[in-house]
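Heads up, the thing below is written out as structure tokens.
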Amino acid sequence: MNYQPNERGYWGEFGGRFVPETLMSPLEELTSAYFAVRDDAEFQTEFLQLLRDFSGRPTPLFYAKRWSESLGGARIYLKREDLGHTGSHKINNAVGQILLARRMGKKRIIAETGAGQHGVATATVCALFGLECVVYMGTEDMRRQELNVFRMRLMGAEVRGVDSGSRTLKDAINEALRDWVTNVDSTYYLLGSALGPHPYPLMVRDFQSVIGKESREQFLEKNGELPTALVACVGGGSNSIGLFHPFLNDESVRMIGVEAGGKGNNLGEHAARFNKAGGGKIGVLQGTKSYLLQNDDGQIALTHSISAGLDYASVGPEHAFLQSIGRVEYAMAMDDEALKAFQILSQTEGIIPALESSHAIAHLLKLAPEMSPSQTIICNLSGRGDKDVNQVQEMLNNESQINKTGKTMADSGIKMA
Amino acid sequence: MNRITKKFTELKSQSRSGFIPFIVAGDPNLETTKELVLLLAESGASVIELGVPFSDPVADGVTIQAAAERALLNPISVKDILRMVAEVRAEECETPIIVFSYFNPILQFGLERFAVEAVKSGVDGILVTDLVPEEAEEFRTILTAKSMSLIMLAAPTSSDERLKKICEKASGFVYAVSRAGVTGARNETSGDAKTLVERLRKFTDLPIAVGFGISTAAQITETCKYADGAVVGSAIVAEIGRLGDSAHLVKGVREFVRKLLPEEFSADDLH
Ligand SMILES: Cc1ncc(COP(=O)(O)O)c(C=O)c1O
């Protein structure tokens, strides 16, 4: 199976283009521009060189020995996207799309951002090439990711706060789409996840697949065999599809995407789109047909997650397809589990993960002990947690959970060897 | 012949164009919407567009976004809106009514079910903001079987090839978007609108209405020189928002529409 969408951008029944007519011509233009570079050796070389020289690729594949041993099960390898420039995987897609935007002759770049990582990556590549940059961000996210707002502004981007809906990622995408529909001629919309109308889910996945290609090579080189399983967090779905995609035809490799379970199972308390008991149903939002959190009337639900980057009501259509055919499993990690995982990885490996990535880490706390040390897992560490430390500090102070003595990790529930 | 076609045929025979007001159902509540629909019908509307409020209206500017938010303060379903239309029909109002929606609320209601229930309630057609011709085939087939019109949108950015596809899928009339952008009142209509209407005429004999940004009598008169209808949305919706859920609302909107409409409209239709 080649896992490519059809010419209308569908994987099975998921995907497509559900947009105002005004955006159809720009989408067609984008699609032909993208397909022209997709197999163009010169473009691909330029892309990989920039990722190497500017962003520091390849990122390491690190064996988390102390943590794996403490869990007493599978050996865990972390794909260190946190070490790339700007601190998350989002830079891969931003680099790819900015090269495309330049080829298309666009001078004005717009983007949406949730956690601020995609906004920072976009501001970064715009600074690199001297392009105008406007980033839309929900005001709730601006509050919880203040540091990233400053980073974007520092690099010359204009950050526009969005005050509608839940003031998070979904609302930022609405506003970016409204900007694009108004400024179609001058503007390139640099969408940050494997979402939206065709060709975005395909294009973002292609650019992020560098994660999985590298991981596969690095893992084979170290171990001479494939990993048993892959685990990644799923917001819109770009870091996970980037890791999974190059392994899809390796049938022995199990794949698990981890969604944000939030603080409960009711609509509005989580962002787990595949949680059918929690209100996840097939629908159409922001240009694509996929699983959505919505009420019976088809109104999109408010979502909640401790992590801004996972706090979104829909999920990329390729994930919906992979879920429907059973190729990828989807699990949830709750807010408090992610918070715990954030601390555990910091304490056992000296790596502070992003709160988004902490959801994948949290799932491993359950999964790894069920497996044997002869088995292996690659976990995508999609970003670093520097952006989250203020928020986490506040939460831990409030709950006075912080382990002041630093001697035991009893309250984080981990057995030390 | 359904009410839309009948209306445009009648207008044509009188060498006139239509006034097409848009309001958001449920803003401020459905009982008032019913009164507003009846009022608009009396005030010279040729077709009434009834917006289904949606949580994520990407094609709308701030005015209609705010109206949708007001409407969604209380739960409102497609079913409730259709029931309200049935009540309007029970008052012997025969003005064509089309539902204007984003796709997801209709998809969740059920495409087949929508067609059946909409016909029963007396709705004449539907326009789906985010359903382009490539995605519209299934729904079009369902609607056609029930003689419901599917009004398609055309944009200044659409290529000729796209305009052709749009016209092939459309029935009732074609809605020409006056400019690239979201809904919202403007004092001038872009020159793109006229060009677009002329381009569309090459591909269809259906009536063509122009919308997005029309908010003054002068714009309506100007638009009606080259188009078969002028849609006024945000200007009326803003007035509804300004008056709020008050006793003066219906009266206020009546006054507003009376002032908005150029003489050639109101004179004739207000028997
Ligand atoms: C570090 C990090 N990981 C994951 C995500 C979630 O996005 P996606 O599912 O597209 O990888 C984000 C989004 O902001 C992020 O910043």
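Following the order of the structure tokens, first chain is A, next is B, and so on, with residues numbered from 1 inside each chain and ligands from 1 in the order they appear.
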task: Check every residue of chain A for an atom within 10 Å of chain B, counting only C-alpha atoms, and provide those that qualify as a PyMOL selection string.
output: chain A and resi 8+16-26+164-165+170-171+173-185+281-287+289+294-302
message: Show me which residues are within 8 Å of ligand 1 counting only C-alpha atoms and all ligand atoms, and format the list as a ChimeraX atom specification.
response: /A:82,87-90,113-118,192-194,233-241,308-310,354-357,381-385
Give the helix (DSSP H, G or I) residues of stretch 159-237 of chain A, as assigned by DSSP on the backbone, as a short mmCIF file (atom, residue, chain, number, x, y, z; two decimals) with all heavy atoms, in the first residue's frame.
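Okay, selection31.cif is ready:
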data_model
loop_
_atom_site.label_atom_id
_atom_site.label_comp_id
_atom_site.auth_asym_id
_atom_site.auth_seq_id
_atom_site.Cartn_x
_atom_site.Cartn_y
_atom_site.Cartn_z
N LEU A 169 -6.21 27.06 19.27
CA LEU A 169 -5.73 26.75 17.91
C LEU A 169 -6.81 26.82 16.83
O LEU A 169 -6.62 27.41 15.77
CB LEU A 169 -5.07 25.36 17.93
CG LEU A 169 -4.52 24.87 16.59
CD1 LEU A 169 -3.48 25.82 16.02
CD2 LEU A 169 -3.91 23.48 16.75
N LYS A 170 -7.98 26.23 17.11
CA LYS A 170 -9.05 26.21 16.11
C LYS A 170 -9.44 27.63 15.70
O LYS A 170 -9.63 27.91 14.52
CB LYS A 170 -10.26 25.48 16.70
CG LYS A 170 -11.52 25.61 15.88
CD LYS A 170 -12.63 24.75 16.47
CE LYS A 170 -13.27 25.32 17.73
NZ LYS A 170 -14.12 26.51 17.52
N ASP A 171 -9.52 28.51 16.66
CA ASP A 171 -9.93 29.88 16.39
C ASP A 171 -8.85 30.63 15.63
O ASP A 171 -9.13 31.47 14.78
CB ASP A 171 -10.29 30.54 17.72
CG ASP A 171 -11.19 29.62 18.54
OD1 ASP A 171 -12.35 29.46 18.15
OD2 ASP A 171 -10.71 29.00 19.52
N ALA A 172 -7.60 30.28 15.92
CA ALA A 172 -6.48 30.89 15.18
C ALA A 172 -6.52 30.45 13.72
O ALA A 172 -6.26 31.25 12.82
CB ALA A 172 -5.15 30.50 15.83
N ILE A 173 -6.86 29.19 13.47
CA ILE A 173 -6.96 28.71 12.08
C ILE A 173 -8.10 29.44 11.36
O ILE A 173 -7.94 29.87 10.22
CB ILE A 173 -7.16 27.18 12.02
CG1 ILE A 173 -5.93 26.46 12.61
CG2 ILE A 173 -7.41 26.71 10.59
CD1 ILE A 173 -6.03 24.95 12.65
N ASN A 174 -9.25 29.60 12.02
CA ASN A 174 -10.36 30.35 11.40
C ASN A 174 -9.88 31.72 10.94
O ASN A 174 -10.17 32.16 9.84
CB ASN A 174 -11.50 30.56 12.40
CG ASN A 174 -12.31 29.29 12.63
OD1 ASN A 174 -12.24 28.35 11.84
ND2 ASN A 174 -13.06 29.26 13.71
N GLU A 175 -9.15 32.40 11.81
CA GLU A 175 -8.73 33.77 11.51
C GLU A 175 -7.70 33.78 10.39
O GLU A 175 -7.73 34.66 9.53
CB GLU A 175 -8.17 34.40 12.79
CG GLU A 175 -8.57 35.81 13.08
CD GLU A 175 -9.98 36.24 12.70
OE1 GLU A 175 -10.97 35.62 13.15
OE2 GLU A 175 -10.09 37.22 11.94
N ALA A 176 -6.81 32.79 10.38
CA ALA A 176 -5.82 32.70 9.30
C ALA A 176 -6.53 32.46 7.97
O ALA A 176 -6.18 33.05 6.95
CB ALA A 176 -4.80 31.60 9.60
N LEU A 177 -7.56 31.60 7.99
CA LEU A 177 -8.31 31.34 6.75
C LEU A 177 -9.01 32.61 6.27
O LEU A 177 -9.06 32.89 5.08
CB LEU A 177 -9.33 30.22 6.97
CG LEU A 177 -8.76 28.80 7.03
CD1 LEU A 177 -9.80 27.81 7.56
CD2 LEU A 177 -8.26 28.34 5.65
N ARG A 178 -9.54 33.40 7.20
CA ARG A 178 -10.21 34.65 6.83
C ARG A 178 -9.21 35.63 6.23
O ARG A 178 -9.53 36.36 5.28
CB ARG A 178 -10.90 35.28 8.04
CG ARG A 178 -12.11 34.49 8.49
CD ARG A 178 -12.81 35.17 9.69
NE ARG A 178 -13.84 34.28 10.20
CZ ARG A 178 -13.89 33.79 11.44
NH1 ARG A 178 -12.96 34.14 12.32
NH2 ARG A 178 -14.85 32.96 11.80
N ASP A 179 -8.03 35.67 6.79
CA ASP A 179 -6.98 36.53 6.22
C ASP A 179 -6.65 36.05 4.81
O ASP A 179 -6.59 36.85 3.86
CB ASP A 179 -5.74 36.47 7.13
CG ASP A 179 -4.61 37.36 6.62
OD1 ASP A 179 -4.36 37.38 5.40
OD2 ASP A 179 -3.93 38.02 7.45
N TRP A 180 -6.47 34.75 4.66
CA TRP A 180 -6.07 34.22 3.35
C TRP A 180 -7.13 34.50 2.29
O TRP A 180 -6.83 34.93 1.18
CB TRP A 180 -5.79 32.71 3.47
CG TRP A 180 -5.01 32.17 2.30
CD1 TRP A 180 -4.13 32.87 1.52
CD2 TRP A 180 -5.05 30.84 1.79
NE1 TRP A 180 -3.61 32.04 0.56
CE2 TRP A 180 -4.14 30.80 0.70
CE3 TRP A 180 -5.74 29.68 2.14
CZ2 TRP A 180 -3.93 29.62 -0.04
CZ3 TRP A 180 -5.52 28.52 1.41
CH2 TRP A 180 -4.63 28.49 0.34
N VAL A 181 -8.39 34.30 2.64
CA VAL A 181 -9.46 34.49 1.68
C VAL A 181 -9.53 35.97 1.24
O VAL A 181 -9.94 36.30 0.14
CB VAL A 181 -10.80 33.97 2.26
CG1 VAL A 181 -11.53 35.01 3.06
CG2 VAL A 181 -11.71 33.44 1.18
N THR A 182 -9.07 36.86 2.12
CA THR A 182 -9.11 38.29 1.82
C THR A 182 -7.88 38.74 1.04
O THR A 182 -7.93 39.71 0.29
CB THR A 182 -9.20 39.09 3.15
OG1 THR A 182 -10.27 38.55 3.93
CG2 THR A 182 -9.48 40.56 2.92
N TYR A 200 -2.58 20.46 1.92
CA TYR A 200 -1.82 20.62 3.17
C TYR A 200 -1.53 19.31 3.93
O TYR A 200 -0.39 19.09 4.33
CB TYR A 200 -2.52 21.63 4.10
CG TYR A 200 -2.33 23.06 3.66
CD1 TYR A 200 -3.37 23.78 3.10
CD2 TYR A 200 -1.10 23.69 3.81
CE1 TYR A 200 -3.20 25.10 2.69
CE2 TYR A 200 -0.92 25.01 3.41
CZ TYR A 200 -1.97 25.71 2.85
OH TYR A 200 -1.79 27.01 2.46
N PRO A 201 -2.53 18.45 4.14
CA PRO A 201 -2.21 17.25 4.94
C PRO A 201 -1.10 16.40 4.30
O PRO A 201 -0.25 15.85 4.99
CB PRO A 201 -3.54 16.48 4.97
CG PRO A 201 -4.59 17.51 4.72
CD PRO A 201 -3.96 18.50 3.78
N LEU A 202 -1.11 16.35 2.98
CA LEU A 202 -0.10 15.58 2.25
C LEU A 202 1.26 16.27 2.32
O LEU A 202 2.29 15.67 2.63
CB LEU A 202 -0.54 15.44 0.79
CG LEU A 202 0.52 14.89 -0.17
CD1 LEU A 202 0.79 13.42 0.12
CD2 LEU A 202 0.08 15.08 -1.62
N MET A 203 1.25 17.58 2.07
CA MET A 203 2.50 18.34 2.01
C MET A 203 3.19 18.37 3.38
O MET A 203 4.39 18.12 3.49
CB MET A 203 2.16 19.76 1.54
CG MET A 203 3.34 20.68 1.47
SD MET A 203 2.94 22.16 0.50
CE MET A 203 1.76 22.98 1.55
N VAL A 204 2.41 18.64 4.43
CA VAL A 204 2.99 18.71 5.76
C VAL A 204 3.54 17.34 6.15
O VAL A 204 4.64 17.22 6.71
CB VAL A 204 1.96 19.23 6.79
CG1 VAL A 204 2.53 19.20 8.19
CG2 VAL A 204 1.50 20.63 6.42
N ARG A 205 2.79 16.30 5.84
CA ARG A 205 3.26 14.95 6.12
C ARG A 205 4.57 14.66 5.39
O ARG A 205 5.51 14.11 5.96
CB ARG A 205 2.17 13.95 5.75
CG ARG A 205 2.57 12.53 5.89
CD ARG A 205 2.94 11.93 4.55
NE ARG A 205 1.79 11.29 3.97
CZ ARG A 205 1.76 10.77 2.75
NH1 ARG A 205 2.82 10.86 1.95
NH2 ARG A 205 0.68 10.21 2.30
N ASP A 206 4.64 15.02 4.11
CA ASP A 206 5.87 14.78 3.35
C ASP A 206 7.06 15.47 4.01
O ASP A 206 8.12 14.87 4.19
CB ASP A 206 5.73 15.30 1.91
CG ASP A 206 4.83 14.42 1.06
OD1 ASP A 206 4.46 13.31 1.51
OD2 ASP A 206 4.49 14.85 -0.08
N PHE A 207 6.88 16.75 4.37
CA PHE A 207 8.00 17.48 4.96
C PHE A 207 8.37 16.90 6.33
O PHE A 207 9.54 16.86 6.70
CB PHE A 207 7.68 18.98 5.08
CG PHE A 207 7.65 19.71 3.76
CD1 PHE A 207 6.66 20.65 3.49
CD2 PHE A 207 8.61 19.46 2.78
CE1 PHE A 207 6.63 21.34 2.27
CE2 PHE A 207 8.59 20.15 1.55
CZ PHE A 207 7.59 21.08 1.30
N GLN A 208 7.39 16.45 7.08
CA GLN A 208 7.70 15.89 8.41
C GLN A 208 8.21 14.46 8.33
O GLN A 208 8.76 13.94 9.31
CB GLN A 208 6.46 15.95 9.32
CG GLN A 208 6.01 17.34 9.71
CD GLN A 208 6.99 18.07 10.62
OE1 GLN A 208 8.07 17.58 10.95
NE2 GLN A 208 6.61 19.29 11.02
N SER A 209 8.06 13.82 7.19
CA SER A 209 8.49 12.42 7.09
C SER A 209 10.00 12.26 7.25
O SER A 209 10.49 11.15 7.44
CB SER A 209 8.08 11.82 5.74
OG SER A 209 6.69 11.66 5.72
N VAL A 210 10.70 13.37 7.19
CA VAL A 210 12.14 13.32 7.46
C VAL A 210 12.39 12.71 8.85
O VAL A 210 13.39 12.02 9.07
CB VAL A 210 12.75 14.74 7.31
CG1 VAL A 210 12.25 15.69 8.38
CG2 VAL A 210 14.27 14.68 7.32
N ILE A 211 11.45 12.91 9.76
CA ILE A 211 11.59 12.36 11.12
C ILE A 211 11.63 10.83 11.06
O ILE A 211 12.52 10.18 11.62
CB ILE A 211 10.42 12.79 12.03
CG1 ILE A 211 10.31 14.31 12.13
CG2 ILE A 211 10.55 12.16 13.41
CD1 ILE A 211 9.03 14.79 12.84
N GLY A 212 10.66 10.25 10.38
CA GLY A 212 10.56 8.80 10.31
C GLY A 212 11.67 8.18 9.47
O GLY A 212 12.19 7.11 9.81
N LYS A 213 12.03 8.86 8.38
CA LYS A 213 13.11 8.32 7.53
C LYS A 213 14.41 8.24 8.31
O LYS A 213 15.09 7.21 8.30
CB LYS A 213 13.30 9.23 6.30
CG LYS A 213 12.23 9.04 5.24
CD LYS A 213 12.52 9.95 4.03
CE LYS A 213 11.25 10.21 3.26
NZ LYS A 213 11.24 11.51 2.58
N GLU A 214 14.74 9.32 9.01
CA GLU A 214 15.97 9.31 9.82
C GLU A 214 15.89 8.27 10.92
O GLU A 214 16.83 7.52 11.14
CB GLU A 214 16.17 10.68 10.50
CG GLU A 214 16.79 11.74 9.62
CD GLU A 214 16.90 13.08 10.34
OE1 GLU A 214 16.78 13.12 11.60
OE2 GLU A 214 17.07 14.09 9.66
N SER A 215 14.74 8.23 11.60
CA SER A 215 14.60 7.30 12.74
C SER A 215 14.80 5.87 12.28
O SER A 215 15.45 5.06 12.96
CB SER A 215 13.21 7.41 13.36
OG SER A 215 12.97 8.70 13.82
N ARG A 216 14.23 5.56 11.13
CA ARG A 216 14.28 4.19 10.62
C ARG A 216 15.74 3.80 10.34
O ARG A 216 16.22 2.74 10.77
CB ARG A 216 13.43 4.09 9.36
CG ARG A 216 13.05 2.69 8.96
CD ARG A 216 12.03 2.72 7.83
NE ARG A 216 11.68 1.36 7.43
CZ ARG A 216 12.45 0.60 6.67
NH1 ARG A 216 13.59 1.07 6.21
NH2 ARG A 216 12.07 -0.65 6.38
N GLU A 217 16.46 4.70 9.66
CA GLU A 217 17.87 4.44 9.36
C GLU A 217 18.71 4.34 10.62
O GLU A 217 19.52 3.42 10.78
CB GLU A 217 18.45 5.59 8.53
CG GLU A 217 18.42 5.35 7.04
CD GLU A 217 18.88 6.60 6.29
OE1 GLU A 217 19.85 7.27 6.74
OE2 GLU A 217 18.23 6.91 5.27
N GLN A 218 18.50 5.30 11.51
CA GLN A 218 19.30 5.33 12.74
C GLN A 218 19.05 4.09 13.58
O GLN A 218 19.97 3.51 14.14
CB GLN A 218 18.96 6.59 13.56
CG GLN A 218 19.44 7.88 12.93
CD GLN A 218 18.82 9.11 13.57
OE1 GLN A 218 17.64 9.11 13.92
NE2 GLN A 218 19.59 10.18 13.71
N PHE A 219 17.78 3.68 13.62
CA PHE A 219 17.46 2.53 14.44
C PHE A 219 18.05 1.25 13.86
O PHE A 219 18.62 0.42 14.57
CB PHE A 219 15.94 2.39 14.60
CG PHE A 219 15.56 1.43 15.69
CD1 PHE A 219 15.37 1.87 16.99
CD2 PHE A 219 15.44 0.06 15.43
CE1 PHE A 219 15.06 0.98 18.00
CE2 PHE A 219 15.13 -0.84 16.43
CZ PHE A 219 14.94 -0.38 17.72
N LEU A 220 17.92 1.11 12.54
CA LEU A 220 18.48 -0.08 11.88
C LEU A 220 19.99 -0.13 12.07
O LEU A 220 20.56 -1.20 12.32
CB LEU A 220 18.14 -0.05 10.38
CG LEU A 220 16.70 -0.47 10.01
CD1 LEU A 220 16.42 -0.20 8.54
CD2 LEU A 220 16.47 -1.95 10.33
N GLU A 221 20.61 1.01 11.98
CA GLU A 221 22.06 1.05 12.14
C GLU A 221 22.48 0.62 13.54
O GLU A 221 23.42 -0.14 13.73
CB GLU A 221 22.54 2.47 11.85
CG GLU A 221 24.03 2.58 11.63
CD GLU A 221 24.39 4.02 11.29
OE1 GLU A 221 23.85 4.54 10.28
OE2 GLU A 221 25.16 4.63 12.06
N LYS A 222 21.75 1.08 14.55
CA LYS A 222 22.09 0.74 15.93
C LYS A 222 21.75 -0.70 16.26
O LYS A 222 22.44 -1.36 17.02
CB LYS A 222 21.31 1.62 16.91
CG LYS A 222 21.84 3.03 17.08
CD LYS A 222 20.99 3.76 18.15
CE LYS A 222 20.94 5.25 17.93
NZ LYS A 222 22.17 5.97 18.31
N ASN A 223 20.62 -1.19 15.75
CA ASN A 223 20.08 -2.46 16.24
C ASN A 223 19.97 -3.56 15.19
O ASN A 223 19.67 -4.69 15.53
CB ASN A 223 18.70 -2.25 16.85
CG ASN A 223 18.75 -1.30 18.03
OD1 ASN A 223 19.27 -1.65 19.08
ND2 ASN A 223 18.27 -0.08 17.84
#
message: So that I can check the surroundings of stretch 342-352 of chain A, please list as a ChimeraX atom specification every protein, DNA and RNA residue that reaches within 8 Å of it, counting only C-alpha atoms and ignoring chain neighbours fewer than 3 positions away.
response: /A:64,66-67,338-339,355,358,361,384-386,412,414
Only all heavy atoms, please: the residues just picked out, written as a compact mmCIF listing (two decimals), in the first residue's frame.
# COMPACT_ATOMS: atom_id res chain seq x y z
N ALA A 64 17.14 5.95 25.87
CA ALA A 64 16.87 6.44 27.23
C ALA A 64 17.04 5.27 28.20
O ALA A 64 16.07 4.64 28.63
CB ALA A 64 15.47 7.03 27.32
N ARG A 66 18.41 4.86 31.42
CA ARG A 66 18.03 4.90 32.83
C ARG A 66 16.51 4.82 32.98
O ARG A 66 15.98 4.10 33.82
CB ARG A 66 18.55 6.21 33.45
CG ARG A 66 19.02 6.05 34.88
CD ARG A 66 19.84 7.25 35.28
NE ARG A 66 19.02 8.35 35.80
CZ ARG A 66 18.57 8.39 37.05
NH1 ARG A 66 18.81 7.42 37.89
NH2 ARG A 66 17.87 9.42 37.45
N TRP A 67 15.83 5.54 32.11
CA TRP A 67 14.36 5.54 32.18
C TRP A 67 13.81 4.17 31.80
O TRP A 67 12.94 3.62 32.48
CB TRP A 67 13.80 6.64 31.26
CG TRP A 67 12.31 6.81 31.36
CD1 TRP A 67 11.56 6.73 32.49
CD2 TRP A 67 11.41 7.06 30.28
NE1 TRP A 67 10.23 6.94 32.18
CE2 TRP A 67 10.11 7.14 30.83
CE3 TRP A 67 11.58 7.25 28.91
CZ2 TRP A 67 8.98 7.38 30.04
CZ3 TRP A 67 10.46 7.50 28.12
CH2 TRP A 67 9.17 7.56 28.70
N ALA A 338 0.23 13.56 31.92
CA ALA A 338 1.24 14.27 31.12
C ALA A 338 2.14 15.11 32.03
O ALA A 338 3.36 15.17 31.84
CB ALA A 338 0.56 15.15 30.07
N LEU A 339 1.52 15.71 33.01
CA LEU A 339 2.27 16.55 33.95
C LEU A 339 3.29 15.70 34.73
O LEU A 339 4.43 16.10 34.96
CB LEU A 339 1.28 17.22 34.91
CG LEU A 339 1.80 18.35 35.77
CD1 LEU A 339 2.39 19.46 34.92
CD2 LEU A 339 0.67 18.91 36.63
N LEU A 355 5.04 19.86 26.86
CA LEU A 355 3.84 19.24 27.42
C LEU A 355 3.13 18.37 26.39
O LEU A 355 2.51 17.36 26.73
CB LEU A 355 2.88 20.30 27.95
CG LEU A 355 3.17 20.80 29.37
CD1 LEU A 355 2.20 21.94 29.72
CD2 LEU A 355 3.07 19.68 30.40
N SER A 358 4.96 15.23 26.28
CA SER A 358 4.77 14.54 27.56
C SER A 358 3.59 13.57 27.51
O SER A 358 3.51 12.63 28.30
CB SER A 358 4.53 15.56 28.68
OG SER A 358 5.65 16.41 28.79
N ILE A 361 5.13 10.45 26.28
CA ILE A 361 5.92 9.91 27.39
C ILE A 361 4.99 9.24 28.41
O ILE A 361 5.26 8.14 28.91
CB ILE A 361 6.71 11.05 28.09
CG1 ILE A 361 7.59 11.80 27.10
CG2 ILE A 361 7.51 10.52 29.28
CD1 ILE A 361 8.74 11.03 26.54
N ARG A 384 10.89 20.56 23.00
CA ARG A 384 11.45 20.72 24.34
C ARG A 384 10.50 21.56 25.20
O ARG A 384 9.71 22.35 24.69
CB ARG A 384 12.84 21.32 24.29
CG ARG A 384 12.90 22.70 23.70
CD ARG A 384 14.33 23.24 23.76
NE ARG A 384 14.34 24.60 23.27
CZ ARG A 384 15.18 25.05 22.34
NH1 ARG A 384 16.05 24.25 21.79
NH2 ARG A 384 15.15 26.32 21.97
N GLY A 385 10.66 21.38 26.51
CA GLY A 385 9.67 21.93 27.44
C GLY A 385 9.95 23.32 27.96
O GLY A 385 9.20 23.83 28.79
N ASP A 386 10.98 23.97 27.44
CA ASP A 386 11.31 25.31 27.97
C ASP A 386 10.11 26.24 27.96
O ASP A 386 9.90 27.02 28.88
CB ASP A 386 12.43 25.97 27.16
CG ASP A 386 13.67 25.10 27.06
OD1 ASP A 386 13.51 23.87 26.89
OD2 ASP A 386 14.78 25.64 27.14
N SER A 412 5.61 10.57 42.18
CA SER A 412 5.36 10.48 40.75
C SER A 412 5.22 9.02 40.33
O SER A 412 5.13 8.70 39.15
CB SER A 412 6.44 11.21 39.96
OG SER A 412 7.70 11.06 40.55
N ILE A 414 7.07 6.26 40.36
CA ILE A 414 8.04 5.51 39.60
C ILE A 414 8.99 4.77 40.54
O ILE A 414 9.42 5.30 41.55
CB ILE A 414 8.82 6.45 38.64
CG1 ILE A 414 9.82 5.68 37.83
CG2 ILE A 414 9.48 7.58 39.37
CD1 ILE A 414 10.46 6.54 36.76
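The space between atom CA of A:Gly316 and atom CA of A:His198 spans 10.8 Å.
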statement: Pairwise distance, atom CA of B:Lys120 with atom CA of B:Met84, equals 11.8 Å
Length of the atom CA of A:Thr86 to atom CA of A:Lys106 vector [Å]: 23.3 Å
task: Write out as a list in words which residues come within 10 Å of A:Tyr188 when counting only C-alpha atoms, dropping same-chain ones fewer than 6 positions away.
output: Pro26, Leu30, Gln97, Ile98, Leu100, Ala101, Arg102, Met104, Gly105, Lys106, Lys107, Arg108, Ile109, Ile110, Ala111, Cys133 and Trp180 of chain A
- prompt: Just asking: which residues within stretch 68-227 of chain A are strand (DSSP E or B) according to DSSP, as a ChimeraX atom specification?
  reply: /A:75-80,88,108-113,132-138,158-162,187-189
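For the choices A:Leu365, A:Val328, A:Thr288, A:Arg144, the atom-to-atom distance to A:Gln393 is smallest for A:Arg144 when using only C-alpha atoms.
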